[in-house]
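So this block is final-v6.tsv, TSV, C-alpha atoms:
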```tsv
chain	number	residue	atom	x	y	z
D	1	MET	CA	-111.70	93.55	-64.99
D	2	ASP	CA	-110.26	91.95	-61.91
D	3	THR	CA	-112.74	91.75	-59.02
D	4	ASP	CA	-110.25	93.11	-56.48
D	5	ALA	CA	-109.54	96.12	-58.68
D	6	LEU	CA	-113.28	96.68	-59.06
D	7	ILE	CA	-113.73	96.63	-55.30
D	8	GLU	CA	-110.91	99.17	-54.85
D	9	ALA	CA	-112.48	101.45	-57.46
D	10	LEU	CA	-115.94	101.20	-55.89
D	11	ALA	CA	-114.59	101.81	-52.40
D	12	ARG	CA	-112.88	105.03	-53.54
D	13	ASP	CA	-116.31	106.21	-54.66
D	14	ALA	CA	-117.96	105.55	-51.27
D	15	LYS	CA	-119.68	108.86	-50.72
D	16	PRO	CA	-121.77	109.09	-47.56
D	17	VAL	CA	-125.46	108.31	-48.04
D	18	PRO	CA	-127.54	110.63	-45.83
D	19	ARG	CA	-129.96	109.03	-43.42
D	20	ARG	CA	-133.55	108.87	-44.67
D	21	SER	CA	-132.23	109.42	-48.22
D	22	PHE	CA	-134.73	106.82	-49.46
D	23	GLU	CA	-137.69	108.67	-47.99
D	24	ARG	CA	-136.31	112.04	-49.11
D	25	ARG	CA	-135.87	110.96	-52.72
D	26	MET	CA	-139.35	109.49	-52.89
D	27	ALA	CA	-140.85	112.63	-51.32
D	28	ALA	CA	-138.85	114.92	-53.60
D	29	GLY	CA	-139.94	113.09	-56.76
D	30	LEU	CA	-143.56	113.02	-55.64
D	31	SER	CA	-143.76	116.67	-54.61
D	32	LEU	CA	-141.98	117.89	-57.73
D	33	GLY	CA	-144.46	116.03	-59.91
D	34	ALA	CA	-147.41	117.12	-57.79
D	35	SER	CA	-146.39	120.79	-57.99
D	36	PHE	CA	-146.28	120.51	-61.75
D	37	ALA	CA	-149.70	118.83	-61.82
D	38	PHE	CA	-151.11	121.54	-59.54
D	39	LEU	CA	-149.77	124.19	-61.91
D	40	MET	CA	-151.43	122.37	-64.82
D	41	LEU	CA	-154.68	122.32	-62.87
D	42	VAL	CA	-154.64	126.01	-61.95
D	43	THR	CA	-153.61	127.28	-65.37
D	44	GLY	CA	-155.48	124.76	-67.52
D	45	LEU	CA	-158.70	124.09	-65.64
D	46	GLY	CA	-158.89	126.52	-62.74
D	47	ILE	CA	-159.94	125.85	-59.18
D	48	GLN	CA	-163.71	125.80	-58.58
D	49	HIS	CA	-164.59	129.39	-57.71
D	50	ASP	CA	-166.71	128.53	-54.68
D	51	LEU	CA	-163.98	126.36	-53.16
D	52	LEU	CA	-164.31	128.10	-49.78
D	53	THR	CA	-168.01	127.30	-49.51
D	54	ALA	CA	-167.49	123.81	-50.90
D	55	ALA	CA	-164.79	123.17	-48.33
D	56	VAL	CA	-167.32	123.17	-45.49
D	57	THR	CA	-169.45	120.37	-46.97
D	58	PRO	CA	-168.84	116.78	-45.84
D	59	GLY	CA	-169.10	115.60	-49.45
D	60	PHE	CA	-166.03	117.60	-50.42
D	61	TRP	CA	-163.99	116.06	-47.62
D	62	GLY	CA	-165.38	112.61	-48.26
D	63	LYS	CA	-164.25	112.84	-51.87
D	64	ALA	CA	-160.82	114.06	-50.83
D	65	ALA	CA	-160.56	111.28	-48.23
D	66	TYR	CA	-161.44	108.64	-50.82
D	67	THR	CA	-158.85	109.66	-53.39
D	68	SER	CA	-156.11	110.55	-50.91
D	69	SER	CA	-156.50	107.27	-49.01
D	70	LEU	CA	-155.98	105.40	-52.29
D	71	ALA	CA	-152.91	107.57	-52.92
D	72	MET	CA	-151.56	106.81	-49.43
D	73	ILE	CA	-152.01	103.06	-49.90
D	74	GLY	CA	-150.27	103.28	-53.27
D	75	LEU	CA	-147.39	105.15	-51.70
D	76	LEU	CA	-147.11	102.60	-48.90
D	77	LEU	CA	-146.88	99.82	-51.47
D	78	SER	CA	-144.48	101.79	-53.69
D	79	ALA	CA	-142.13	102.31	-50.75
D	80	GLN	CA	-142.06	98.56	-50.08
D	81	LEU	CA	-141.65	97.67	-53.74
D	82	ALA	CA	-138.85	100.17	-54.41
D	83	ARG	CA	-136.56	98.05	-52.24
D	84	PRO	CA	-135.29	94.62	-53.19
D	85	SER	CA	-137.20	92.02	-51.26
D	86	THR	CA	-138.56	88.54	-51.45
D	87	ARG	CA	-140.90	89.19	-48.53
D	88	ARG	CA	-144.55	89.10	-49.25
D	89	LEU	CA	-146.13	92.47	-49.96
D	90	ARG	CA	-147.97	93.82	-46.95
D	91	GLY	CA	-151.10	95.97	-47.07
D	92	ALA	CA	-152.16	95.34	-50.68
D	93	TRP	CA	-155.63	94.28	-49.53
D	94	LEU	CA	-156.14	97.76	-48.01
D	95	VAL	CA	-156.99	99.04	-51.52
D	96	ALA	CA	-160.37	97.33	-51.24
D	97	ALA	CA	-161.36	99.23	-48.07
D	98	PRO	CA	-162.02	102.76	-49.42
D	99	ILE	CA	-163.64	101.35	-52.56
D	100	ALA	CA	-165.99	99.15	-50.52
D	101	LEU	CA	-166.84	102.04	-48.19
D	102	LEU	CA	-167.65	104.36	-51.08
D	103	ALA	CA	-169.73	101.62	-52.70
D	104	VAL	CA	-171.91	101.58	-49.57
D	105	PHE	CA	-172.46	105.34	-49.87
D	106	ALA	CA	-173.19	105.00	-53.58
D	107	ALA	CA	-175.75	102.26	-52.91
D	108	ALA	CA	-177.47	104.44	-50.30
D	109	GLU	CA	-177.48	107.33	-52.76
D	110	LEU	CA	-179.02	105.25	-55.55
D	111	ALA	CA	-181.65	103.87	-53.15
D	112	GLY	CA	-182.69	107.44	-52.32
D	113	ILE	CA	-183.31	108.40	-55.96
D	114	ASP	CA	-186.88	108.27	-57.21
D	115	PRO	CA	-186.81	105.48	-59.84
D	116	ASN	CA	-189.61	107.10	-61.87
D	117	THR	CA	-188.02	110.46	-62.46
D	118	ARG	CA	-184.42	109.37	-61.84
D	119	SER	CA	-183.83	112.97	-60.87
D	120	GLY	CA	-180.58	113.55	-59.05
D	121	LEU	CA	-178.77	110.95	-61.08
D	122	VAL	CA	-175.64	112.29	-62.73
D	123	ARG	CA	-175.89	111.50	-66.38
D	124	GLU	CA	-172.59	112.83	-67.62
D	125	PRO	CA	-170.85	110.23	-69.77
D	126	LEU	CA	-168.15	108.04	-68.20
D	127	TRP	CA	-165.28	109.67	-70.05
D	128	THR	CA	-165.81	113.26	-68.96
D	129	CYS	CA	-163.36	113.46	-66.11
D	130	VAL	CA	-161.28	110.33	-66.65
D	131	PRO	CA	-158.85	111.80	-69.26
D	132	LEU	CA	-158.25	114.89	-67.12
D	133	ILE	CA	-157.28	112.79	-64.08
D	134	LEU	CA	-154.99	110.69	-66.28
D	135	ALA	CA	-153.34	113.83	-67.67
D	136	LEU	CA	-152.73	115.21	-64.17
D	137	ALA	CA	-151.29	111.87	-63.07
D	138	VAL	CA	-148.58	111.83	-65.75
D	139	PRO	CA	-146.19	114.44	-64.25
D	140	ILE	CA	-146.61	113.00	-60.75
D	141	PHE	CA	-145.86	109.53	-62.07
D	142	ILE	CA	-142.72	110.79	-63.80
D	143	GLY	CA	-141.53	112.27	-60.50
D	144	LEU	CA	-142.20	109.18	-58.40
D	145	ALA	CA	-140.98	106.71	-61.02
D	146	GLY	CA	-137.74	108.68	-61.32
D	147	ALA	CA	-137.16	108.12	-57.61
D	148	ILE	CA	-138.06	104.41	-57.73
D	149	ARG	CA	-135.67	103.87	-60.67
D	150	GLN	CA	-132.77	104.95	-58.46
D	151	MET	CA	-133.76	102.36	-55.85
D	152	ALA	CA	-133.69	98.63	-56.43
D	153	PRO	CA	-137.16	97.26	-57.16
D	154	THR	CA	-137.27	93.53	-57.86
D	155	MET	CA	-141.01	93.07	-58.52
D	156	LEU	CA	-141.17	95.48	-61.42
D	157	ARG	CA	-144.77	95.00	-62.54
D	158	ALA	CA	-146.11	95.39	-59.01
D	159	ALA	CA	-143.90	98.44	-58.47
D	160	GLY	CA	-145.33	100.03	-61.61
D	161	ALA	CA	-148.89	99.35	-60.52
D	162	ALA	CA	-148.27	100.73	-57.02
D	163	ALA	CA	-146.65	103.87	-58.41
D	164	GLY	CA	-149.62	104.26	-60.77
D	165	LEU	CA	-152.07	103.90	-57.88
D	166	ALA	CA	-150.20	106.42	-55.71
D	167	THR	CA	-149.87	109.04	-58.42
D	168	SER	CA	-153.34	108.75	-59.95
D	169	GLY	CA	-154.85	108.82	-56.44
D	170	LEU	CA	-153.00	112.07	-55.83
D	171	ALA	CA	-154.00	113.39	-59.26
D	172	ALA	CA	-157.66	112.60	-58.51
D	173	THR	CA	-157.36	114.46	-55.20
D	174	LEU	CA	-156.09	117.53	-57.05
D	175	TYR	CA	-158.79	117.13	-59.68
D	176	GLY	CA	-161.35	117.21	-56.84
D	177	LEU	CA	-160.42	120.86	-56.31
D	178	TYR	CA	-161.74	121.58	-59.81
D	179	CYS	CA	-164.63	119.16	-60.24
D	180	GLN	CA	-167.77	120.12	-58.33
D	181	GLN	CA	-169.45	116.73	-58.53
D	182	LEU	CA	-169.92	115.26	-55.05
D	183	SER	CA	-172.20	112.33	-55.91
D	184	ALA	CA	-170.82	109.08	-54.44
D	185	THR	CA	-171.95	107.16	-57.53
D	186	TYR	CA	-170.18	109.61	-59.80
D	187	ILE	CA	-166.94	109.41	-57.80
D	188	LEU	CA	-167.12	105.62	-57.47
D	189	THR	CA	-167.42	105.14	-61.22
D	190	ARG	CA	-165.35	107.98	-62.77
D	191	TYR	CA	-162.56	108.50	-60.28
D	192	THR	CA	-162.09	104.80	-59.60
D	193	LEU	CA	-162.05	104.05	-63.32
D	194	ALA	CA	-159.33	106.65	-63.89
D	195	ILE	CA	-157.24	105.33	-61.00
D	196	ALA	CA	-157.64	101.70	-62.11
D	197	LEU	CA	-156.69	102.57	-65.69
D	198	PHE	CA	-153.59	104.44	-64.62
D	199	SER	CA	-152.51	101.67	-62.23
D	200	ALA	CA	-152.88	99.17	-65.06
D	201	LEU	CA	-150.76	101.41	-67.26
D	202	GLY	CA	-148.13	101.45	-64.51
D	203	ALA	CA	-148.17	97.66	-64.36
D	204	LEU	CA	-147.81	97.55	-68.13
D	205	ILE	CA	-144.71	99.75	-68.35
D	206	GLY	CA	-143.18	98.82	-64.96
D	207	PRO	CA	-140.98	95.96	-66.23
D	208	ARG	CA	-139.43	98.19	-68.92
D	209	LEU	CA	-139.26	101.33	-66.86
D	210	PHE	CA	-137.69	99.93	-63.71
D	211	ARG	CA	-135.32	97.40	-65.26
D	212	TRP	CA	-131.76	97.39	-63.86
E	1	MET	CA	-142.01	86.58	-34.97
E	2	THR	CA	-139.67	89.06	-33.36
E	3	ILE	CA	-136.12	89.79	-34.54
E	4	ALA	CA	-134.77	88.54	-31.19
E	5	THR	CA	-136.13	85.01	-31.49
E	6	GLN	CA	-135.06	84.85	-35.13
E	7	ALA	CA	-131.52	85.76	-34.14
E	8	GLU	CA	-131.55	83.26	-31.29
E	9	THR	CA	-132.49	80.37	-33.50
E	10	ARG	CA	-130.22	81.31	-36.36
E	11	SER	CA	-126.89	79.56	-36.22
E	12	ALA	CA	-124.15	81.40	-34.39
E	13	ARG	CA	-121.97	81.57	-37.47
E	14	SER	CA	-124.42	83.18	-39.85
E	15	ARG	CA	-125.46	85.52	-37.07
E	16	SER	CA	-121.94	86.82	-36.61
E	17	THR	CA	-121.54	87.11	-40.40
E	18	GLU	CA	-124.74	89.13	-40.61
E	19	MET	CA	-123.72	91.42	-37.75
E	20	GLU	CA	-120.28	91.91	-39.21
E	21	LEU	CA	-121.60	92.66	-42.71
E	22	LYS	CA	-124.29	94.98	-41.46
E	23	SER	CA	-121.93	97.08	-39.36
E	24	ARG	CA	-119.54	97.38	-42.35
E	25	MET	CA	-122.51	98.42	-44.49
E	26	LEU	CA	-123.63	101.09	-42.02
E	27	GLU	CA	-120.10	102.49	-41.73
E	28	GLY	CA	-119.82	102.49	-45.53
E	29	LEU	CA	-123.11	104.38	-45.80
E	30	ASP	CA	-121.67	106.99	-43.47
E	31	GLY	CA	-118.80	107.46	-45.94
E	32	ASP	CA	-116.09	105.12	-44.60
E	33	GLY	CA	-114.37	103.84	-47.75
E	34	ARG	CA	-112.31	101.19	-45.93
E	35	SER	CA	-115.39	99.63	-44.35
E	36	HIS	CA	-117.09	99.72	-47.72
E	37	ALA	CA	-114.15	97.89	-49.32
E	38	ALA	CA	-114.20	95.35	-46.47
E	39	LEU	CA	-117.91	94.82	-47.05
E	40	LEU	CA	-117.47	94.23	-50.78
E	41	ARG	CA	-114.55	91.86	-50.16
E	42	ALA	CA	-116.57	89.91	-47.58
E	43	ALA	CA	-119.59	89.75	-49.88
E	44	THR	CA	-117.55	88.39	-52.82
E	45	PRO	CA	-117.14	84.75	-51.60
E	46	LEU	CA	-120.81	84.69	-50.52
E	47	LEU	CA	-121.83	85.77	-54.02
E	48	ARG	CA	-119.40	83.35	-55.69
E	49	SER	CA	-120.96	80.42	-53.87
E	50	PHE	CA	-124.49	81.77	-54.46
E	51	PHE	CA	-123.95	81.96	-58.24
E	52	GLY	CA	-121.66	78.91	-58.25
E	53	ARG	CA	-124.41	76.67	-56.92
E	54	ARG	CA	-126.69	77.80	-59.72
E	55	LEU	CA	-124.31	78.10	-62.71
E	56	HIS	CA	-122.26	75.02	-62.05
E	57	ASP	CA	-119.46	75.18	-64.59
E	58	ASP	CA	-119.03	78.57	-66.15
E	59	VAL	CA	-116.42	80.37	-64.02
E	60	SER	CA	-116.28	83.52	-66.14
E	61	GLU	CA	-120.07	83.87	-66.07
E	62	ILE	CA	-120.06	83.46	-62.31
E	63	GLU	CA	-117.40	86.15	-61.95
E	64	ASP	CA	-119.33	88.49	-64.27
E	65	LEU	CA	-122.43	88.12	-62.13
E	66	VAL	CA	-120.43	88.60	-58.93
E	67	GLN	CA	-119.06	91.86	-60.31
E	68	GLU	CA	-122.43	93.04	-61.57
E	69	THR	CA	-123.92	92.37	-58.14
E	70	LEU	CA	-121.07	94.21	-56.40
E	71	ILE	CA	-121.66	97.21	-58.65
E	72	ALA	CA	-125.41	97.11	-57.97
E	73	LEU	CA	-124.73	96.74	-54.25
E	74	HIS	CA	-122.62	99.87	-54.49
E	75	THR	CA	-124.76	102.06	-56.74
E	76	ARG	CA	-128.07	101.10	-55.11
E	77	ARG	CA	-127.01	101.13	-51.51
E	78	GLY	CA	-129.39	104.06	-50.96
E	79	SER	CA	-132.18	101.47	-51.12
E	80	PHE	CA	-130.84	99.64	-48.05
E	81	ASP	CA	-133.06	100.03	-44.98
E	82	ARG	CA	-130.79	100.63	-41.98
E	83	GLU	CA	-133.38	99.03	-39.72
E	84	ARG	CA	-133.31	95.70	-41.56
E	85	ALA	CA	-130.87	92.83	-41.95
E	86	PHE	CA	-128.16	93.09	-44.60
E	87	THR	CA	-127.92	89.51	-45.92
E	88	PRO	CA	-131.50	89.24	-47.26
E	89	TRP	CA	-130.99	92.56	-49.05
E	90	LEU	CA	-127.74	91.31	-50.60
E	91	PHE	CA	-129.27	88.03	-51.78
E	92	SER	CA	-132.35	89.77	-53.16
E	93	ILE	CA	-130.05	91.82	-55.39
E	94	ALA	CA	-128.05	88.71	-56.34
E	95	ARG	CA	-131.23	86.83	-57.17
E	96	HIS	CA	-132.45	89.74	-59.29
E	97	LYS	CA	-129.16	89.72	-61.23
E	98	LEU	CA	-129.40	85.95	-61.69
E	99	VAL	CA	-132.96	86.13	-63.04
E	100	ASP	CA	-131.86	88.90	-65.40
E	101	HIS	CA	-128.93	86.75	-66.52
E	102	PHE	CA	-131.19	83.80	-67.32
E	103	ARG	CA	-133.57	86.06	-69.18
E	104	ARG	CA	-130.75	87.39	-71.35
E	105	ALA	CA	-129.35	83.91	-71.87
E	106	VAL	CA	-132.70	82.71	-73.21
E	107	ARG	CA	-132.96	85.67	-75.54
E	108	HIS	CA	-129.45	85.16	-76.95
E	109	GLN	CA	-129.72	81.41	-77.41
E	110	PRO	CA	-128.59	80.64	-81.00
E	111	ILE	CA	-131.32	79.09	-83.11
E	112	ASP	CA	-129.00	76.88	-85.24
E	113	GLY	CA	-128.63	73.48	-83.66
E	114	LEU	CA	-130.83	74.49	-80.74
E	115	GLU	CA	-132.68	71.21	-81.00
E	116	ASP	CA	-129.46	69.22	-80.59
E	117	ILE	CA	-128.45	71.26	-77.58
E	118	LEU	CA	-131.80	70.74	-75.90
E	119	VAL	CA	-131.85	67.02	-76.60
E	120	THR	CA	-128.25	66.37	-75.63
E	121	GLU	CA	-128.65	68.20	-72.38
E	122	GLY	CA	-131.72	66.16	-71.47
E	123	PHE	CA	-133.74	69.34	-71.59
E	124	GLU	CA	-137.03	67.61	-72.19
E	125	GLN	CA	-136.75	65.21	-69.29
E	126	SER	CA	-135.47	67.80	-66.90
E	127	SER	CA	-138.09	70.38	-67.82
E	128	ASN	CA	-140.85	67.79	-67.58
E	129	ALA	CA	-139.49	66.81	-64.20
E	130	ALA	CA	-139.41	70.46	-63.16
E	131	MET	CA	-143.03	70.86	-64.21
E	132	ASP	CA	-144.04	67.75	-62.27
E	133	VAL	CA	-142.27	69.06	-59.20
E	134	ASP	CA	-143.98	72.42	-59.57
E	135	ARG	CA	-147.36	70.75	-59.86
E	136	LEU	CA	-146.75	68.67	-56.77
E	137	LEU	CA	-145.51	71.63	-54.77
E	138	GLN	CA	-148.64	73.55	-55.67
E	139	THR	CA	-150.69	71.05	-53.70
E	140	LEU	CA	-148.85	72.04	-50.52
E	141	PRO	CA	-149.38	75.11	-48.32
E	142	ALA	CA	-147.30	78.02	-49.65
E	143	LYS	CA	-144.87	78.03	-46.75
E	144	GLN	CA	-144.01	74.33	-47.05
E	145	ALA	CA	-143.73	74.55	-50.84
E	146	ARG	CA	-141.36	77.48	-50.57
E	147	ALA	CA	-139.22	75.84	-47.88
E	148	ILE	CA	-138.81	72.73	-50.05
E	149	ARG	CA	-138.15	74.69	-53.22
E	150	GLU	CA	-135.48	76.89	-51.67
E	151	THR	CA	-133.63	74.18	-49.74
E	152	LYS	CA	-134.01	71.11	-51.95
E	153	ILE	CA	-134.19	72.60	-55.44
E	154	HIS	CA	-132.36	75.92	-55.27
E	155	GLY	CA	-129.86	74.46	-52.84
E	156	LEU	CA	-129.93	77.20	-50.21
E	157	SER	CA	-128.98	76.40	-46.64
E	158	VAL	CA	-131.74	76.24	-44.02
E	159	ALA	CA	-130.27	79.31	-42.32
E	160	ASP	CA	-130.32	81.31	-45.59
E	161	VAL	CA	-133.94	80.41	-46.22
E	162	ALA	CA	-134.88	81.33	-42.66
E	163	ALA	CA	-133.18	84.71	-42.99
E	164	ARG	CA	-134.74	85.37	-46.35
E	165	VAL	CA	-138.31	84.40	-45.45
E	166	GLY	CA	-138.02	85.92	-41.99
E	167	ILE	CA	-138.98	82.80	-40.03
E	168	SER	CA	-136.97	80.67	-37.64
E	169	VAL	CA	-134.58	77.89	-38.68
E	170	SER	CA	-136.67	75.27	-36.89
E	171	ASP	CA	-139.76	76.56	-38.68
E	172	VAL	CA	-138.04	76.00	-42.05
E	173	LYS	CA	-136.94	72.49	-41.05
E	174	VAL	CA	-140.41	71.59	-39.82
E	175	SER	CA	-141.98	72.98	-43.01
E	176	VAL	CA	-139.63	70.94	-45.23
E	177	HIS	CA	-140.25	67.82	-43.18
E	178	ARG	CA	-144.05	68.17	-43.15
E	179	GLY	CA	-144.16	69.04	-46.84
E	180	LEU	CA	-142.05	66.06	-47.90
E	181	LYS	CA	-144.09	63.77	-45.68
E	182	ALA	CA	-147.34	65.03	-47.20
E	183	LEU	CA	-145.94	64.56	-50.72
E	184	SER	CA	-144.70	61.03	-50.10
E	185	GLY	CA	-148.09	60.22	-48.57
E	186	CYS	CA	-150.03	61.45	-51.57
E	187	LEU	CA	-147.61	59.90	-54.08
E	188	ALA	CA	-147.96	56.50	-52.40
E	189	THR	CA	-151.75	56.62	-52.68
E	190	GLU	CA	-151.64	58.47	-56.06
E	191	ARG	CA	-154.07	61.09	-54.85
E	192	CYS	CA	-152.05	64.26	-55.26
E	193	ARG	CA	-154.74	66.54	-56.59
```

Would you mind writing the structure in this file as structure tokens?
Amino acid sequence: MDTDALIEALARDAKPVPRRSFERRMAAGLSLGASFAFLMLVTGLGIQHDLLTAAVTPGFWGKAAYTSSLAMIGLLLSAQLARPSTRRLRGAWLVAAPIALLAVFAAAELAGIDPNTRSGLVREPLWTCVPLILALAVPIFIGLAGAIRQMAPTMLRAAGAAAGLATSGLAATLYGLYCQQLSATYILTRYTLAIALFSALGALIGPRLFRW
Amino acid sequence: MTIATQAETRSARSRSTEMELKSRMLEGLDGDGRSHAALLRAATPLLRSFFGRRLHDDVSEIEDLVQETLIALHTRRGSFDRERAFTPWLFSIARHKLVDHFRRAVRHQPIDGLEDILVTEGFEQSSNAAMDVDRLLQTLPAKQARAIRETKIHGLSVADVAARVGISVSDVKVSVHRGLKALSGCLATERCR
């Protein structure tokens, strides 16, 4: 096809693009997926019945702050990576901040446990909550990835990892409404493991998923 | 570095091109088909020379890539950030299409007679040379290495590199100069690692 003819054809198809359409599409994909995940949570697992009393404890909010800050950082990176750019990624190091902060709390918690009895230590196996967080992350990832696919990512692996971080962070926040564990050590190991696994999965499928 | 100082140091010509292209883009995004056509027409020679510098002989391949990039520019214009410059966005898309093209070309390379093709085209020497250059560039600070790679190897103009990296033209020139000086220094003494 002749390039001039192509240009004419494309120009006839120049529908207006609403302002903030980028942000709207990302938000729409994310909230659609998150609503579905929330539905899965309520029908499949149920919200912890003493949520109202739990909601006044600092541990509950600390847990929510940890997972949602990881989700926010993932979203910040996803928004950068959904656009074509050769600029260096900004803010990737932020991921370390919440993890390091929680590690401090976990260390303090472990120091306070009597080493002889080891009472207070959560001894549930590592894989108890990880699969549930991963399952909740899937619909949110589908929503966000659908939005990113319509954009123009050029660093596909990084975009997949960032989308995985954003969506599993959000999934872990939702899961926190169900799981009553507030131990910093428990959250540092289980929740972080789930989020890391899902981000790695995102990095793995990113190049295929976002190809254009 | 602020946008203002970047614009000041950028050459007057590329600045007016950028302003012209960006205003056409914004009008096109608001639904003006004639501005959109003008944008695509203005982008075409830029893309031809971008791909032409990299795929020296094959005219039909160059035109295919130009068209693919124009289509991507059109279908993915929702990813353009109205607050940012247009040209870096355009060349990021072009570069993405070029990388994709090379990837496909490698995959579809016929196996029969491949050895002859590689030998006759001096593949071994040139790829060894490319690896040597890469190794040398790795000894430099990232900014200098990038400035040299983009201007001297990929053949971009200093103004294009400045726009793409988001630093001033003089900064690019200084980086190239310092980097080359450091390399010639270490090559002379054979202490490049």

Can you build me a table of chain D residues sitting at most 6 Å from chain E, with the closest atom pair per residue and its distance in Å to one decimal, using all atoms listed in the file, sorted by chain and residue number, as a tab-separated table?
```
residue	atom	partner	partner_atom	distance
D:Ala11	CA	E:Ala37	CA	5.0
D:Ala14	CA	E:Gly33	CA	5.3
D:Lys15	CA	E:Gly31	CA	5.1
D:Pro16	CA	E:Gly31	CA	3.8
D:Val17	CA	E:Leu29	CA	5.1
D:Arg83	CA	E:Ser79	CA	5.7
D:Pro84	CA	E:Ser92	CA	5.7
D:Ser85	CA	E:Ser92	CA	5.7
D:Met151	CA	E:Ser79	CA	5.1
```

Show me the residues around (-132.2, 77.5, -44.9) - criterion: an atom at most 6 Å away, only C-alpha atoms counted - as a PyMOL selection string.
chain E and resi 156-162

Which residue of D:Ala200, D:Leu81, D:Leu70, D:Leu101 approaches D:Met155 most closely, using only C-alpha atoms
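Under the stated criterion, the closest residue is D:Leu81.
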
Would you compute the distance between atom CA of D:Ala159 and atom CA of E:His154? Give it in Å to one decimal.
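Pair atom CA of D:Ala159 / atom CA of E:His154 returns 25.5 Å.
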
Residue neighbourhood E:Gln144, 6 Å, only C-alpha atoms, exclusion window fewer than 4 positions, as a list in words:
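In the requested format, the answer is Ser175, Val176 and Gly179 of chain E.
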
Between atom CA of D:Leu201 and atom CA of D:Ile187 - distance in Å to one decimal:
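Between these atoms lies a distance of 20.4 Å.
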
Please list as JSON, numbers by chain every residue within 8 Å of stretch 163-175 of chain D, counting only C-alpha atoms and excluding residues in the same chain fewer than 3 positions away.
{"D": [30, 34, 37, 38, 41, 63, 64, 67, 68, 69, 70, 71, 72, 73, 74, 75, 78, 132, 133, 134, 136, 137, 138, 140, 141, 144, 145, 159, 160, 178, 179, 191, 194, 195, 196, 198, 199, 200, 201, 202, 203]}

Six-sided padding of 5 Å per side, axis-aligned box over stretch 40-45 of chain D, centre and edges in Å, one decimal, as AutoDock Vina command-line options:
```
--center_x -155.1 --center_y 124.8 --center_z -64.7 --size_x 17.3 --size_y 15.0 --size_z 15.6
```

For D:Ser183, work out the shell of residues within 12 Å, counting only C-alpha atoms and skipping chain neighbours fewer than 4 positions away, then give it as an MDAnalysis selection string.
chainID D and resid 58:60 62:63 102:103 105:110 113 120:124 176 179 187:191

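Atom CA of D:Ala9 sits 22.0 Å away from atom CA of E:Glu20.
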
Taking all atoms listed in the file into account, name the residue in E:Asp58, E:Glu150, E:Asp171, E:Glu68 that is nearest to D:Thr3.
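Selected residue with least distance to D:Thr3: E:Glu68.
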
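In this comparison, which uses only C-alpha atoms, the residue of E:Asp134, E:Lys143, E:Thr17, E:Gly155 approaching E:Phe51 most closely is E:Gly155.
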
From the set D:Ile148, D:Val42, D:Ala96, D:Ile7, which residue has the shortest atom-to-atom contact distance to D:Ala27, counting only C-alpha atoms?
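Nearest candidate to D:Ala27 out of D:Ile148, D:Val42, D:Ala96, D:Ile7: D:Ile148.
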
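For the choices D:Leu182, D:Ala147, D:Ala55, D:Ile205, the atom-to-atom distance to D:Leu32 is smallest for D:Ala147 when using all atoms listed in the file.
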